[in-house]
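Visitor: Attaching a single structure in structure tokens format; questions to follow.
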Amino acid sequence: MSVFTAVLELKNEMKKNGIIQENGIGEELFLFSSTIVPIVNVDLLIFDKNDEILLSQRDDKWCGTGWHLPGSCIRFDETIHNAISRCALSELGLEVMHTAEPLKVYDVHFPDYREGLEDQRERKHFIALAYGCCVKSGWVLDDKYKNDGRIRWFRNLPEDFLQIHDCYRKDWVELMEKYKHSTMYT
């Protein structure tokens, strides 16, 4: 079977199964696509008035266990603004305002070997758009997120900050300065 025929069959199967790219493509297709092109995502650097950063716990075979910046892949035909809003609401239960432009763009590559992965190319390469954010007035962390310890404000990046986010650690002072002088998009 040619690649062209295989792609046509995949498109037909997606249609039969009601998979609409704008609504997400499901884990199997997402993981496969991540082995052939980089994932474009938004990372949310959510600061409070005390310059603390909001982080959440993550534990999976692709990134490991530790604290990370909330973030999300940008879906097909989704605006960056909508991706940021969707991510903040679904991961944190919050509405946020964000900088009009990314604070920085990162080309992130995972190391060559991650234990437990059959295909080491899965979720290995990201183009991360780092946006500064703040919680919209009147919004507070929902108790269901706060009470289980999965979300927490930090004064400094913790020791168990995920390796995928090492690029942020080296640029932390620069990112905070850019955030303080940014125009917010509401």
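Each chain in the structure tokens gets a letter, A, B and so on, in the order shown; residues start at 1 in every chain, and ligands are counted from 1 in the order they appear.
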With only C-alpha atoms as the counted atoms, please give the residues lying no more than 6 Å from region 96-112 of chain A, apart from itself and same-chain residues fewer than 5 positions off, as a ChimeraX atom specification.

Guide: /A:124-136,183-186

Visitor: To test your reading of the structure, identify every residue in region 19-170 of chain A that backbone DSSP assigns to alpha helix (DSSP H), and report it as a list in words.

Guide: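 Result set for region 19-170 of chain A (alpha helix (DSSP H)): Gly26, Glu27, Glu28, Leu29, Phe30, Leu31, Phe32, Ser33, Ile80, His81, Asn82, Ala83, Ile84, Ser85, Arg86, Cys87, Asp143, Lys144, Tyr145, Lys146, Asp166, Cys167, Tyr168, Arg169 and Lys170 of chain A.
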
Visitor: Produce a file of the selected residues containing N, CA and C atoms, as a JSON list (two decimals), in the first residue's frame.

Guide:
```
[["chain", "number", "residue", "atom", "x", "y", "z"],
["A", 26, "GLY", "N", -7.88, 12.69, 19.29],
["A", 26, "GLY", "CA", -7.75, 11.47, 20.08],
["A", 26, "GLY", "C", -6.28, 11.14, 20.31],
["A", 27, "GLU", "N", -6.05, 10.34, 21.33],
["A", 27, "GLU", "CA", -4.68, 10.07, 21.76],
["A", 27, "GLU", "C", -3.85, 9.32, 20.71],
["A", 28, "GLU", "N", -4.44, 8.28, 20.07],
["A", 28, "GLU", "CA", -3.66, 7.50, 19.09],
["A", 28, "GLU", "C", -3.14, 8.38, 17.95],
["A", 29, "LEU", "N", -4.02, 9.17, 17.35],
["A", 29, "LEU", "CA", -3.60, 10.03, 16.24],
["A", 29, "LEU", "C", -2.66, 11.13, 16.71],
["A", 30, "PHE", "N", -2.92, 11.67, 17.89],
["A", 30, "PHE", "CA", -2.05, 12.71, 18.43],
["A", 30, "PHE", "C", -0.63, 12.18, 18.64],
["A", 31, "LEU", "N", -0.52, 11.02, 19.28],
["A", 31, "LEU", "CA", 0.80, 10.45, 19.53],
["A", 31, "LEU", "C", 1.52, 10.13, 18.22],
["A", 32, "PHE", "N", 0.78, 9.59, 17.25],
["A", 32, "PHE", "CA", 1.40, 9.32, 15.95],
["A", 32, "PHE", "C", 1.88, 10.62, 15.30],
["A", 33, "SER", "N", 1.02, 11.62, 15.28],
["A", 33, "SER", "CA", 1.40, 12.88, 14.63],
["A", 33, "SER", "C", 2.61, 13.51, 15.31],
["A", 80, "ILE", "N", -4.65, 31.04, 19.24],
["A", 80, "ILE", "CA", -3.80, 30.95, 20.42],
["A", 80, "ILE", "C", -4.58, 31.41, 21.65],
["A", 81, "HIS", "N", -5.33, 32.50, 21.51],
["A", 81, "HIS", "CA", -6.14, 33.00, 22.63],
["A", 81, "HIS", "C", -7.10, 31.92, 23.13],
["A", 82, "ASN", "N", -7.78, 31.24, 22.22],
["A", 82, "ASN", "CA", -8.71, 30.19, 22.63],
["A", 82, "ASN", "C", -8.00, 29.01, 23.28],
["A", 83, "ALA", "N", -6.81, 28.67, 22.77],
["A", 83, "ALA", "CA", -6.05, 27.57, 23.38],
["A", 83, "ALA", "C", -5.66, 27.92, 24.82],
["A", 84, "ILE", "N", -5.23, 29.15, 25.04],
["A", 84, "ILE", "CA", -4.86, 29.60, 26.39],
["A", 84, "ILE", "C", -6.09, 29.55, 27.31],
["A", 85, "SER", "N", -7.19, 30.08, 26.84],
["A", 85, "SER", "CA", -8.42, 30.10, 27.65],
["A", 85, "SER", "C", -8.90, 28.68, 27.96],
["A", 86, "ARG", "N", -8.90, 27.81, 26.95],
["A", 86, "ARG", "CA", -9.34, 26.42, 27.13],
["A", 86, "ARG", "C", -8.44, 25.71, 28.15],
["A", 87, "CYS", "N", -7.14, 25.91, 28.02],
["A", 87, "CYS", "CA", -6.19, 25.26, 28.92],
["A", 87, "CYS", "C", -6.40, 25.72, 30.36],
["A", 143, "ASP", "N", -11.59, 24.87, 44.96],
["A", 143, "ASP", "CA", -11.11, 24.01, 46.04],
["A", 143, "ASP", "C", -10.76, 22.61, 45.57],
["A", 144, "LYS", "N", -11.47, 22.10, 44.56],
["A", 144, "LYS", "CA", -11.18, 20.73, 44.10],
["A", 144, "LYS", "C", -9.76, 20.63, 43.54],
["A", 145, "TYR", "N", -9.23, 21.72, 43.00],
["A", 145, "TYR", "CA", -7.85, 21.73, 42.50],
["A", 145, "TYR", "C", -6.87, 22.03, 43.62],
["A", 146, "LYS", "N", -7.23, 22.99, 44.47],
["A", 146, "LYS", "CA", -6.33, 23.47, 45.52],
["A", 146, "LYS", "C", -6.14, 22.43, 46.62],
["A", 166, "ASP", "N", 13.20, 22.85, 31.61],
["A", 166, "ASP", "CA", 14.50, 23.39, 32.01],
["A", 166, "ASP", "C", 14.81, 24.72, 31.32],
["A", 167, "CYS", "N", 14.32, 24.89, 30.10],
["A", 167, "CYS", "CA", 14.57, 26.14, 29.37],
["A", 167, "CYS", "C", 14.04, 27.35, 30.15],
["A", 168, "TYR", "N", 12.96, 27.18, 30.89],
["A", 168, "TYR", "CA", 12.38, 28.28, 31.67],
["A", 168, "TYR", "C", 13.27, 28.64, 32.86],
["A", 169, "ARG", "N", 13.85, 27.65, 33.45],
["A", 169, "ARG", "CA", 14.70, 27.90, 34.62],
["A", 169, "ARG", "C", 15.85, 28.84, 34.26],
["A", 170, "LYS", "N", 16.49, 28.60, 33.12],
["A", 170, "LYS", "CA", 17.65, 29.44, 32.74],
["A", 170, "LYS", "C", 17.23, 30.84, 32.32]]
```

Visitor: Using only C-alpha atoms for the distances, tell me which of A:Ser90, A:Ser56, A:Asn23, A:Asn50 is nearest to Asp77 (chain A).

Guide: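 Using only C-alpha atoms, Asp77 (chain A) sits closest to A:Asn23.
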
Visitor: To one decimal in Å, tell me the separation between CA of Leu157 (chain A) and CA of Tyr179 (chain A).

Guide: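 CA of Leu157 (chain A) sits 16.1 Å away from CA of Tyr179 (chain A).
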
Visitor: Quick one: of A:Thr79, A:Lys49, A:Thr35, A:Lys180, who's nearest to Glu122 (chain A), counting only C-alpha atoms?

Guide: A:Thr35

Visitor: What's around Gly64 (chain A) at 12 Å? Count only C-alpha atoms, leave out sequence neighbours fewer than 5 positions away in its own chain, and write the answer as an MDAnalysis selection string.

Guide: chainID A and resid 57:59 110 114:117 160:165
